[in-house]
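*Asks:* Next comes the structure file structure15.cif, holding mmCIF, C-alpha atoms.
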```cif
data_protein
loop_
_atom_site.label_atom_id
_atom_site.label_comp_id
_atom_site.auth_asym_id
_atom_site.auth_seq_id
_atom_site.Cartn_x
_atom_site.Cartn_y
_atom_site.Cartn_z
CA MET Q 1 -11.18 -16.55 24.42
CA LYS Q 2 -12.24 -14.59 21.39
CA SER Q 3 -10.98 -11.17 20.44
CA ALA Q 4 -11.15 -8.79 17.50
CA VAL Q 5 -8.81 -6.03 16.35
CA ILE Q 6 -10.32 -3.28 14.23
CA VAL Q 7 -8.33 -2.03 11.26
CA PHE Q 8 -8.78 1.53 10.00
CA PRO Q 9 -7.07 3.05 6.96
CA GLY Q 10 -3.78 4.20 8.51
CA SER Q 11 -3.72 1.77 11.45
CA ASN Q 12 -0.18 0.45 11.72
CA ARG Q 13 0.09 -1.39 15.05
CA GLU Q 14 -2.67 -3.90 14.48
CA ARG Q 15 -0.23 -6.71 13.69
CA ASP Q 16 1.76 -6.07 16.86
CA MET Q 17 -1.50 -6.34 18.78
CA VAL Q 18 -2.52 -9.52 16.94
CA THR Q 19 0.87 -11.07 17.75
CA ALA Q 20 0.60 -10.10 21.43
CA LEU Q 21 -2.96 -11.39 21.81
CA HIS Q 22 -2.16 -14.59 19.94
CA SER Q 23 0.92 -15.19 22.03
CA VAL Q 24 -0.82 -14.71 25.39
CA PHE Q 25 -4.39 -15.78 24.65
CA GLY Q 26 -3.37 -18.78 22.55
CA SER Q 27 -5.86 -17.94 19.81
CA ALA Q 28 -5.51 -15.41 17.02
CA PRO Q 29 -7.86 -12.42 17.11
CA GLU Q 30 -10.04 -11.67 14.16
CA LEU Q 31 -9.10 -8.60 12.12
CA VAL Q 32 -12.18 -6.51 11.39
CA TRP Q 33 -12.29 -3.83 8.70
CA HIS Q 34 -13.66 -0.47 9.86
CA GLY Q 35 -16.23 -0.47 7.06
CA ASP Q 36 -17.96 -3.59 8.41
CA SER Q 37 -21.23 -2.90 10.11
CA THR Q 38 -20.99 -5.56 12.80
CA LEU Q 39 -18.30 -7.09 14.96
CA PRO Q 40 -18.03 -10.81 15.54
CA ASP Q 41 -19.16 -12.15 18.91
CA VAL Q 42 -16.01 -11.63 21.00
CA ASP Q 43 -14.91 -11.07 24.61
CA LEU Q 44 -12.49 -8.28 23.74
CA VAL Q 45 -12.45 -5.58 21.05
CA VAL Q 46 -9.19 -3.73 20.41
CA LEU Q 47 -8.71 -0.41 18.62
CA PRO Q 48 -5.01 -0.46 17.72
CA GLY Q 49 -2.40 2.24 17.31
CA GLY Q 50 -1.54 4.07 14.13
CA PHE Q 51 -2.55 7.17 12.25
CA SER Q 52 -6.08 6.45 11.10
CA TYR Q 53 -7.04 8.73 8.21
CA GLY Q 54 -3.65 10.41 8.51
CA ASP Q 55 -4.79 12.17 11.70
CA TYR Q 56 -6.81 14.51 9.46
CA LEU Q 57 -9.06 17.03 11.22
CA ARG Q 58 -8.15 15.67 14.70
CA CYS Q 59 -6.48 12.40 15.70
CA GLY Q 60 -9.11 9.67 15.64
CA ALA Q 61 -11.91 12.04 14.58
CA ILE Q 62 -12.72 10.43 11.23
CA ALA Q 63 -12.19 6.85 12.44
CA ALA Q 64 -14.65 7.54 15.27
CA ARG Q 65 -17.37 8.00 12.63
CA SER Q 66 -16.66 4.71 10.81
CA PRO Q 67 -19.51 2.25 10.20
CA VAL Q 68 -18.14 -0.34 12.68
CA ILE Q 69 -18.17 2.16 15.58
CA ALA Q 70 -21.92 1.86 16.20
CA ASP Q 71 -21.39 -1.79 17.06
CA VAL Q 72 -18.33 -0.98 19.20
CA VAL Q 73 -20.52 1.39 21.23
CA ARG Q 74 -23.33 -1.18 21.45
CA LYS Q 75 -20.92 -3.85 22.68
CA ALA Q 76 -19.19 -1.51 25.13
CA LYS Q 77 -22.56 -0.55 26.64
CA ALA Q 78 -23.45 -4.23 26.93
CA GLY Q 79 -20.26 -4.85 28.94
CA THR Q 80 -17.84 -6.25 26.34
CA ARG Q 81 -14.24 -5.27 27.10
CA VAL Q 82 -12.92 -2.60 24.74
CA LEU Q 83 -9.24 -1.64 24.69
CA GLY Q 84 -7.91 1.39 22.82
CA VAL Q 85 -4.15 1.82 22.48
CA CYS Q 86 -2.61 5.11 21.33
CA ASN Q 87 -4.66 6.07 18.26
CA GLY Q 88 -7.27 3.68 19.67
CA PHE Q 89 -7.41 5.80 22.84
CA GLN Q 90 -7.82 8.95 20.73
CA ILE Q 91 -10.66 7.26 18.84
CA LEU Q 92 -12.40 6.22 22.10
CA THR Q 93 -12.40 9.82 23.34
CA GLU Q 94 -13.68 11.03 19.96
CA ILE Q 95 -16.51 8.48 20.13
CA GLY Q 96 -17.32 9.69 23.63
CA LEU Q 97 -16.84 6.29 25.29
CA LEU Q 98 -14.09 7.92 27.37
CA PRO Q 99 -14.06 11.54 28.59
CA GLY Q 100 -11.51 14.21 27.70
CA ALA Q 101 -9.30 14.59 24.64
CA LEU Q 102 -5.74 13.85 23.53
CA MET Q 103 -3.98 16.98 22.39
CA ARG Q 104 -0.63 17.82 20.78
CA ASN Q 105 2.30 16.92 23.07
CA ALA Q 106 3.28 19.91 25.18
CA SER Q 107 6.81 19.70 23.74
CA LEU Q 108 5.37 19.73 20.19
CA ARG Q 109 7.68 16.77 19.53
CA PHE Q 110 6.80 13.20 18.66
CA VAL Q 111 7.94 11.05 21.58
CA CYS Q 112 9.22 7.52 20.97
CA GLN Q 113 10.76 6.14 24.14
CA LEU Q 114 10.32 3.88 27.15
CA VAL Q 115 8.32 5.31 30.03
CA ASN Q 116 7.47 4.10 33.51
CA LEU Q 117 3.81 3.60 34.32
CA ARG Q 118 2.28 3.36 37.74
CA ILE Q 119 -0.71 1.06 38.10
CA ASP Q 120 -3.26 3.17 39.95
CA ASN Q 121 -6.17 0.77 39.56
CA ASN Q 122 -5.55 -2.97 39.53
CA GLU Q 123 -9.18 -4.01 39.76
CA SER Q 124 -10.10 -3.63 36.11
CA ALA Q 125 -10.08 -6.55 33.71
CA PHE Q 126 -7.12 -4.93 31.99
CA THR Q 127 -4.86 -4.27 34.95
CA ARG Q 128 -5.67 -7.14 37.27
CA GLY Q 129 -2.34 -8.80 36.49
CA TYR Q 130 -0.52 -6.17 38.53
CA ARG Q 131 -0.41 -5.07 42.14
CA LEU Q 132 -1.54 -1.58 43.05
CA HIS Q 133 1.23 0.98 42.40
CA ASP Q 134 3.44 -1.49 40.54
CA VAL Q 135 5.84 0.39 38.27
CA VAL Q 136 5.87 -1.04 34.75
CA ARG Q 137 8.13 -0.08 31.86
CA CYS Q 138 6.30 0.45 28.57
CA PRO Q 139 7.04 2.13 25.23
CA VAL Q 140 5.24 5.22 23.95
CA ALA Q 141 5.22 6.54 20.38
CA HIS Q 142 2.94 9.48 19.73
CA GLY Q 143 2.69 13.13 18.83
CA ASP Q 144 -0.72 13.73 20.37
CA GLY Q 145 -0.87 12.08 23.76
CA ASN Q 146 -1.39 15.09 25.96
CA TYR Q 147 -4.46 14.13 27.98
CA PHE Q 148 -6.85 17.00 28.63
CA ALA Q 149 -10.11 17.18 30.56
CA ASP Q 150 -11.64 19.94 32.66
CA GLU Q 151 -10.89 19.98 36.38
CA ALA Q 152 -14.30 18.59 37.36
CA THR Q 153 -13.85 15.61 35.02
CA LEU Q 154 -10.31 14.98 36.30
CA ASP Q 155 -11.55 15.06 39.91
CA ARG Q 156 -14.35 12.67 39.03
CA LEU Q 157 -11.97 10.27 37.25
CA GLU Q 158 -9.66 10.24 40.25
CA GLY Q 159 -12.48 10.00 42.77
CA GLU Q 160 -13.96 7.01 40.97
CA GLY Q 161 -10.61 5.27 40.60
CA ARG Q 162 -10.78 5.50 36.84
CA VAL Q 163 -7.23 6.69 36.29
CA ALA Q 164 -5.74 3.26 35.63
CA LEU Q 165 -2.20 4.28 34.63
CA ARG Q 166 0.03 7.29 35.20
CA TYR Q 167 3.47 8.32 33.96
CA CYS Q 168 5.95 8.12 36.82
CA ASP Q 169 9.66 7.84 37.52
CA GLU Q 170 11.41 4.56 38.39
CA ARG Q 171 10.28 4.85 41.99
CA GLY Q 172 6.67 5.52 41.13
CA GLU Q 173 6.79 9.27 41.77
CA LEU Q 174 4.54 11.35 39.53
CA THR Q 175 7.10 13.93 38.45
CA ALA Q 176 6.87 16.43 35.59
CA ASP Q 177 10.08 14.97 34.11
CA ALA Q 178 8.48 11.54 33.90
CA ASN Q 179 5.52 12.93 31.94
CA PRO Q 180 6.41 12.55 28.23
CA ASN Q 181 3.62 14.66 26.76
CA GLY Q 182 2.24 17.13 29.28
CA SER Q 183 -0.82 15.04 30.20
CA GLN Q 184 -2.79 16.50 33.06
CA ARG Q 185 -2.08 14.80 36.36
CA ASN Q 186 0.36 12.47 34.54
CA ILE Q 187 -2.57 10.48 33.14
CA ALA Q 188 -1.55 7.70 30.74
CA GLY Q 189 -4.74 5.61 30.71
CA ILE Q 190 -8.34 5.85 31.90
CA LEU Q 191 -11.37 3.61 32.35
CA ASN Q 192 -15.01 4.27 31.58
CA GLU Q 193 -17.61 4.37 34.37
CA THR Q 194 -18.26 0.64 34.27
CA GLY Q 195 -14.58 -0.32 33.96
CA ASN Q 196 -14.96 -2.35 30.77
CA VAL Q 197 -13.38 0.24 28.44
CA LEU Q 198 -9.73 1.24 28.79
CA GLY Q 199 -7.83 3.77 26.70
CA LEU Q 200 -4.09 4.28 27.08
CA MET Q 201 -1.40 6.04 25.08
CA PRO Q 202 1.48 3.58 25.76
CA HIS Q 203 1.93 0.38 23.75
CA PRO Q 204 1.91 -2.67 26.05
CA GLU Q 205 1.85 -4.94 22.99
CA ASN Q 206 5.40 -3.82 22.23
CA PHE Q 207 6.94 -4.92 25.53
CA ILE Q 208 6.07 -8.58 26.01
CA GLU Q 209 9.03 -10.48 24.51
CA PRO Q 210 12.70 -10.47 25.59
CA LEU Q 211 13.56 -9.19 22.10
CA HIS Q 212 11.44 -6.10 22.81
CA GLY Q 213 13.91 -5.22 25.54
CA GLY Q 214 11.65 -6.28 28.36
CA THR Q 215 8.53 -8.20 29.21
CA ASP Q 216 6.94 -5.89 31.81
CA CYS Q 217 3.71 -5.64 29.83
CA ARG Q 218 3.13 -9.35 29.39
CA ARG Q 219 1.25 -9.36 32.72
CA PHE Q 220 -1.12 -6.82 31.23
CA PHE Q 221 -2.33 -9.39 28.68
CA GLU Q 222 -2.04 -12.34 31.05
CA GLY Q 223 -4.21 -10.54 33.61
CA MET Q 224 -6.74 -9.84 30.90
CA ALA Q 225 -6.73 -13.47 29.75
CA GLU Q 226 -7.30 -14.68 33.33
CA THR Q 227 -10.21 -12.29 33.85
CA LEU Q 228 -11.88 -13.01 30.54
CA GLU Q 229 -11.48 -16.77 30.84
CA ALA Q 230 -12.97 -16.71 34.33
CA ALA Q 231 -15.97 -14.74 33.06
CA MET H 232 -24.58 28.81 -0.08
CA LYS H 233 -21.12 28.80 1.42
CA ALA H 234 -20.43 28.20 5.10
CA LYS H 235 -17.23 29.44 6.69
CA ILE H 236 -16.46 27.72 9.97
CA LYS H 237 -13.90 28.78 12.52
CA VAL H 238 -12.85 26.19 15.09
CA THR H 239 -10.85 27.49 18.03
CA LEU H 240 -9.58 26.05 21.28
CA LYS H 241 -11.65 26.88 24.33
CA ARG H 242 -10.32 29.21 26.95
CA GLY H 243 -8.27 27.35 29.51
CA VAL H 244 -7.15 24.70 27.03
CA LEU H 245 -3.39 24.92 26.58
CA ASP H 246 -2.28 25.55 23.02
CA PRO H 247 1.37 24.54 22.67
CA GLN H 248 1.32 25.38 18.95
CA GLY H 249 0.08 28.88 19.70
CA LYS H 250 2.86 29.22 22.28
CA ALA H 251 5.47 28.14 19.72
CA ILE H 252 4.15 30.68 17.21
CA GLU H 253 4.19 33.38 19.88
CA HIS H 254 7.80 32.51 20.68
CA ALA H 255 8.78 32.62 16.99
CA LEU H 256 7.10 36.02 16.57
CA SER H 257 9.05 37.45 19.46
CA THR H 258 12.25 35.96 18.00
CA LEU H 259 11.47 37.88 14.80
CA GLY H 260 11.34 41.06 16.80
CA PHE H 261 7.56 41.52 17.02
CA GLY H 262 7.06 42.98 20.46
CA GLY H 263 3.92 43.17 22.53
CA VAL H 264 2.55 39.87 21.23
CA ASP H 265 0.53 37.81 23.67
CA GLU H 266 -2.02 34.99 23.80
CA VAL H 267 -1.43 33.56 20.31
CA ARG H 268 -3.99 30.83 19.65
CA GLN H 269 -4.06 28.59 16.60
CA GLY H 270 -7.34 27.36 15.19
CA LYS H 271 -8.87 25.82 12.06
CA TYR H 272 -10.83 27.31 9.21
CA ILE H 273 -13.18 25.10 7.19
CA GLU H 274 -15.28 26.00 4.14
CA VAL H 275 -18.32 24.00 3.09
CA GLU H 276 -20.38 24.56 -0.06
CA LEU H 277 -24.03 23.72 0.57
CA GLU H 278 -26.89 23.06 -1.83
CA GLU H 279 -29.33 24.35 0.77
CA THR H 280 -30.49 27.91 0.00
CA ASP H 281 -32.51 28.62 3.15
CA GLU H 282 -30.27 30.32 5.67
CA ALA H 283 -31.89 28.92 8.82
CA ARG H 284 -31.82 25.37 7.52
CA ALA H 285 -28.24 25.78 6.31
CA ARG H 286 -27.17 27.04 9.72
CA ALA H 287 -28.88 24.14 11.47
CA GLU H 288 -27.19 21.70 9.14
CA ILE H 289 -23.73 23.21 9.69
CA GLU H 290 -24.31 23.26 13.44
CA ALA H 291 -25.06 19.54 13.36
CA MET H 292 -21.87 18.99 11.33
CA CYS H 293 -19.85 20.92 13.90
CA GLU H 294 -21.33 19.02 16.83
CA LYS H 295 -20.89 15.64 15.17
CA LEU H 296 -17.53 16.00 13.47
CA LEU H 297 -15.98 19.35 12.63
CA ALA H 298 -15.32 20.40 16.23
CA ASN H 299 -14.56 18.43 19.37
CA THR H 300 -16.67 20.37 21.83
CA VAL H 301 -14.68 18.98 24.76
CA ILE H 302 -11.81 21.28 23.76
CA GLU H 303 -13.06 23.46 20.91
CA ASN H 304 -15.59 26.17 20.12
CA TYR H 305 -16.92 26.91 16.65
CA GLU H 306 -18.28 29.95 14.84
CA ILE H 307 -20.35 29.76 11.67
CA GLU H 308 -20.59 32.40 8.98
CA LEU H 309 -22.89 31.94 5.99
CA ALA H 310 -22.36 33.71 2.66
CA ARG H 311 -24.24 33.56 -0.62
#
```
Step by step, read the file and then write its structure as structure tokens.
*Replies:*
Amino acid sequence: MKSAVIVFPGSNRERDMVTALHSVFGSAPELVWHGDSTLPDVDLVVLPGGFSYGDYLRCGAIAARSPVIADVVRKAKAGTRVLGVCNGFQILTEIGLLPGALMRNASLRFVCQLVNLRIDNNESAFTRGYRLHDVVRCPVAHGDGNYFADEATLDRLEGEGRVALRYCDERGELTADANPNGSQRNIAGILNETGNVLGLMPHPENFIEPLHGGTDCRRFFEGMAETLEAA
Amino acid sequence: MKAKIKVTLKRGVLDPQGKAIEHALSTLGFGGVDEVRQGKYIEVELEETDEARARAEIEAMCEKLLANTVIENYEIELAR
């Protein structure tokens, strides 16, 4: 199983992602510099977390115009799995591969904490390791994770089962208190129309080892490995 | 030619920063303040001297990078 992690100036979670992918997939992903014009032939492309270009202009805005992005779009359209975590999610919305935008947290505070996520779609390559409505603990660390889209887009996302993950309480209830950033409809992660692109604000790569405090998110990567190996 | 670009949040998009500013203004005793919205101001110096072409170029810049039209509007002002 081959994967690649793209590195932008200001990415800072790429090594966590490499460690997670290596640990679960058994092979190390290739690190690809944003200035490269082509990606290697891989089954999974990851846009990691961080603060690409210092979040200048808008989070992910400058990274979304990097040379490598044209090939990310080409691969995504051809069906390659693309995963964007945190800043990677912001970049995917700026590219237009995912709808909506990530805005400043409603609290105006950077949030760095554990949240509970409810799996609202377990049919995608990314979430197949879970049962529907499983509640999974996962860390978040962001200042701009407040998901916004117009009502019509939100209805479409829900209608098409493209809201993969939502912030919830321990029992899976979608409460306002469980929402760390003010995201509309408690949205934490969404899929594209064809289900091969996922963007999410939480960091599953940081909750896969006992030393992380829990291993809830290991299934996320294991499910992905099973899907991609079967393909 | 100089282009002055204002990027503002669309109506209906929540602006928590604007809300915080509004709150601070009322704390300072400024009454009757409502609907504070924060935006961005960008200046670009262009070699282009033809106004129509300059405007078209800036519009393309706004659409491609300077504004995120999912959440933002932009206004362009050109000055010699």
*Asks:* Starting from the shown file, work through the PyMOL selection byres ((chain Q and resi 105) around 9) and note down what comes out as a count of residues only.
*Replies:* 20
*Asks:* Scan for residues within 8 Å of the point (-18.7, -9.0, 27.8) in the coordinates of the file, using only C-alpha atoms, and reply as a list of chain:residue names.
*Replies:*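 Checking each residue against the 8 Å limit leaves Q:Val42, Q:Asp43, Q:Leu44, Q:Lys75, Q:Ala76, Q:Ala78, Q:Gly79, Q:Thr80, Q:Arg81.
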*Asks:* Let me know the residues the PyMOL selection byres ((chain Q and resi 222) around 10) catches in the file above, as a list in words.
*Replies:* Leu21, Ser23, Val24, Phe25, Phe126, Thr127, Arg128, Gly129, Tyr130, Cys217, Arg218, Arg219, Phe220, Phe221, Gly223, Met224, Ala225, Glu226, Thr227 and Leu228 of chain Q
*Asks:* Okay, now the selection with C-alpha atoms, as a CSV table (one decimal), in the coordinates of the input?
*Replies:*
```
chain,number,residue,atom,x,y,z
Q,21,LEU,CA,-3.0,-11.4,21.8
Q,23,SER,CA,0.9,-15.2,22.0
Q,24,VAL,CA,-0.8,-14.7,25.4
Q,25,PHE,CA,-4.4,-15.8,24.6
Q,126,PHE,CA,-7.1,-4.9,32.0
Q,127,THR,CA,-4.9,-4.3,35.0
Q,128,ARG,CA,-5.7,-7.1,37.3
Q,129,GLY,CA,-2.3,-8.8,36.5
Q,130,TYR,CA,-0.5,-6.2,38.5
Q,217,CYS,CA,3.7,-5.6,29.8
Q,218,ARG,CA,3.1,-9.4,29.4
Q,219,ARG,CA,1.2,-9.4,32.7
Q,220,PHE,CA,-1.1,-6.8,31.2
Q,221,PHE,CA,-2.3,-9.4,28.7
Q,223,GLY,CA,-4.2,-10.5,33.6
Q,224,MET,CA,-6.7,-9.8,30.9
Q,225,ALA,CA,-6.7,-13.5,29.8
Q,226,GLU,CA,-7.3,-14.7,33.3
Q,227,THR,CA,-10.2,-12.3,33.8
Q,228,LEU,CA,-11.9,-13.0,30.5
```
*Asks:* So, with all atoms listed in the file as the atoms that count, which of Q:Arg65, Q:His212, Q:His22, Q:Arg185 lies closest to Arg137 (chain Q)?
*Replies:*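 Checking each of Q:Arg65, Q:His212, Q:His22, Q:Arg185 against Arg137 (chain Q), counting all atoms listed in the file, the winner is Q:His212.
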*Asks:* Got a sec: who's within 12 Å of Gly161 (chain Q), counting all atoms listed in the file, leaving out chain neighbours fewer than 2 positions off, as number ranges by chain?
*Replies:* Q: 119-124, 132, 154-159, 163-165, 189-195
*Asks:* Please produce a file of those selected residues containing C-alpha atoms, as a PDB file, in the frame of the given file.
*Replies:*
```pdb
ATOM      1  CA  ILE Q 119      -0.710   1.060  38.100  1.00  0.00           C
ATOM      2  CA  ASP Q 120      -3.260   3.170  39.950  1.00  0.00           C
ATOM      3  CA  ASN Q 121      -6.170   0.770  39.560  1.00  0.00           C
ATOM      4  CA  ASN Q 122      -5.550  -2.970  39.530  1.00  0.00           C
ATOM      5  CA  GLU Q 123      -9.180  -4.010  39.760  1.00  0.00           C
ATOM      6  CA  SER Q 124     -10.100  -3.630  36.110  1.00  0.00           C
ATOM      7  CA  LEU Q 132      -1.540  -1.580  43.050  1.00  0.00           C
ATOM      8  CA  LEU Q 154     -10.310  14.980  36.300  1.00  0.00           C
ATOM      9  CA  ASP Q 155     -11.550  15.060  39.910  1.00  0.00           C
ATOM     10  CA  ARG Q 156     -14.350  12.670  39.030  1.00  0.00           C
ATOM     11  CA  LEU Q 157     -11.970  10.270  37.250  1.00  0.00           C
ATOM     12  CA  GLU Q 158      -9.660  10.240  40.250  1.00  0.00           C
ATOM     13  CA  GLY Q 159     -12.480  10.000  42.770  1.00  0.00           C
ATOM     14  CA  VAL Q 163      -7.230   6.690  36.290  1.00  0.00           C
ATOM     15  CA  ALA Q 164      -5.740   3.260  35.630  1.00  0.00           C
ATOM     16  CA  LEU Q 165      -2.200   4.280  34.630  1.00  0.00           C
ATOM     17  CA  GLY Q 189      -4.740   5.610  30.710  1.00  0.00           C
ATOM     18  CA  ILE Q 190      -8.340   5.850  31.900  1.00  0.00           C
ATOM     19  CA  LEU Q 191     -11.370   3.610  32.350  1.00  0.00           C
ATOM     20  CA  ASN Q 192     -15.010   4.270  31.580  1.00  0.00           C
ATOM     21  CA  GLU Q 193     -17.610   4.370  34.370  1.00  0.00           C
ATOM     22  CA  THR Q 194     -18.260   0.640  34.270  1.00  0.00           C
ATOM     23  CA  GLY Q 195     -14.580  -0.320  33.960  1.00  0.00           C
TER      24      GLY Q 195
END
```
*Asks:* Find the residues around Val244 (chain H) up to 12 Å (all atoms listed in the file counted), leave out those fewer than 2 positions away in its own chain, and share them as a PDB file with C-alpha atoms, in the coordinates of the input.
*Replies:*
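Produced file part_31.pdb, reproduced below:
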```pdb
ATOM      1  CA  GLY Q 100     -11.510  14.210  27.700  1.00  0.00           C
ATOM      2  CA  ALA Q 101      -9.300  14.590  24.640  1.00  0.00           C
ATOM      3  CA  LEU Q 102      -5.740  13.850  23.530  1.00  0.00           C
ATOM      4  CA  MET Q 103      -3.980  16.980  22.390  1.00  0.00           C
ATOM      5  CA  ARG Q 104      -0.630  17.820  20.780  1.00  0.00           C
ATOM      6  CA  ALA Q 106       3.280  19.910  25.180  1.00  0.00           C
ATOM      7  CA  ASN Q 146      -1.390  15.090  25.960  1.00  0.00           C
ATOM      8  CA  TYR Q 147      -4.460  14.130  27.980  1.00  0.00           C
ATOM      9  CA  PHE Q 148      -6.850  17.000  28.630  1.00  0.00           C
ATOM     10  CA  ALA Q 149     -10.110  17.180  30.560  1.00  0.00           C
ATOM     11  CA  ASP Q 150     -11.640  19.940  32.660  1.00  0.00           C
ATOM     12  CA  GLU Q 151     -10.890  19.980  36.380  1.00  0.00           C
ATOM     13  CA  SER Q 183      -0.820  15.040  30.200  1.00  0.00           C
ATOM     14  CA  GLN Q 184      -2.790  16.500  33.060  1.00  0.00           C
TER      15      GLN Q 184
ATOM     16  CA  THR H 239     -10.850  27.490  18.030  1.00  0.00           C
ATOM     17  CA  LEU H 240      -9.580  26.050  21.280  1.00  0.00           C
ATOM     18  CA  LYS H 241     -11.650  26.880  24.330  1.00  0.00           C
ATOM     19  CA  ARG H 242     -10.320  29.210  26.950  1.00  0.00           C
ATOM     20  CA  ASP H 246      -2.280  25.550  23.020  1.00  0.00           C
ATOM     21  CA  PRO H 247       1.370  24.540  22.670  1.00  0.00           C
ATOM     22  CA  GLN H 248       1.320  25.380  18.950  1.00  0.00           C
ATOM     23  CA  GLY H 249       0.080  28.880  19.700  1.00  0.00           C
ATOM     24  CA  LYS H 250       2.860  29.220  22.280  1.00  0.00           C
ATOM     25  CA  GLU H 266      -2.020  34.990  23.800  1.00  0.00           C
ATOM     26  CA  ARG H 268      -3.990  30.830  19.650  1.00  0.00           C
ATOM     27  CA  GLN H 269      -4.060  28.590  16.600  1.00  0.00           C
ATOM     28  CA  THR H 300     -16.670  20.370  21.830  1.00  0.00           C
ATOM     29  CA  VAL H 301     -14.680  18.980  24.760  1.00  0.00           C
ATOM     30  CA  ILE H 302     -11.810  21.280  23.760  1.00  0.00           C
ATOM     31  CA  GLU H 303     -13.060  23.460  20.910  1.00  0.00           C
ATOM     32  CA  ASN H 304     -15.590  26.170  20.120  1.00  0.00           C
TER      33      ASN H 304
END
```
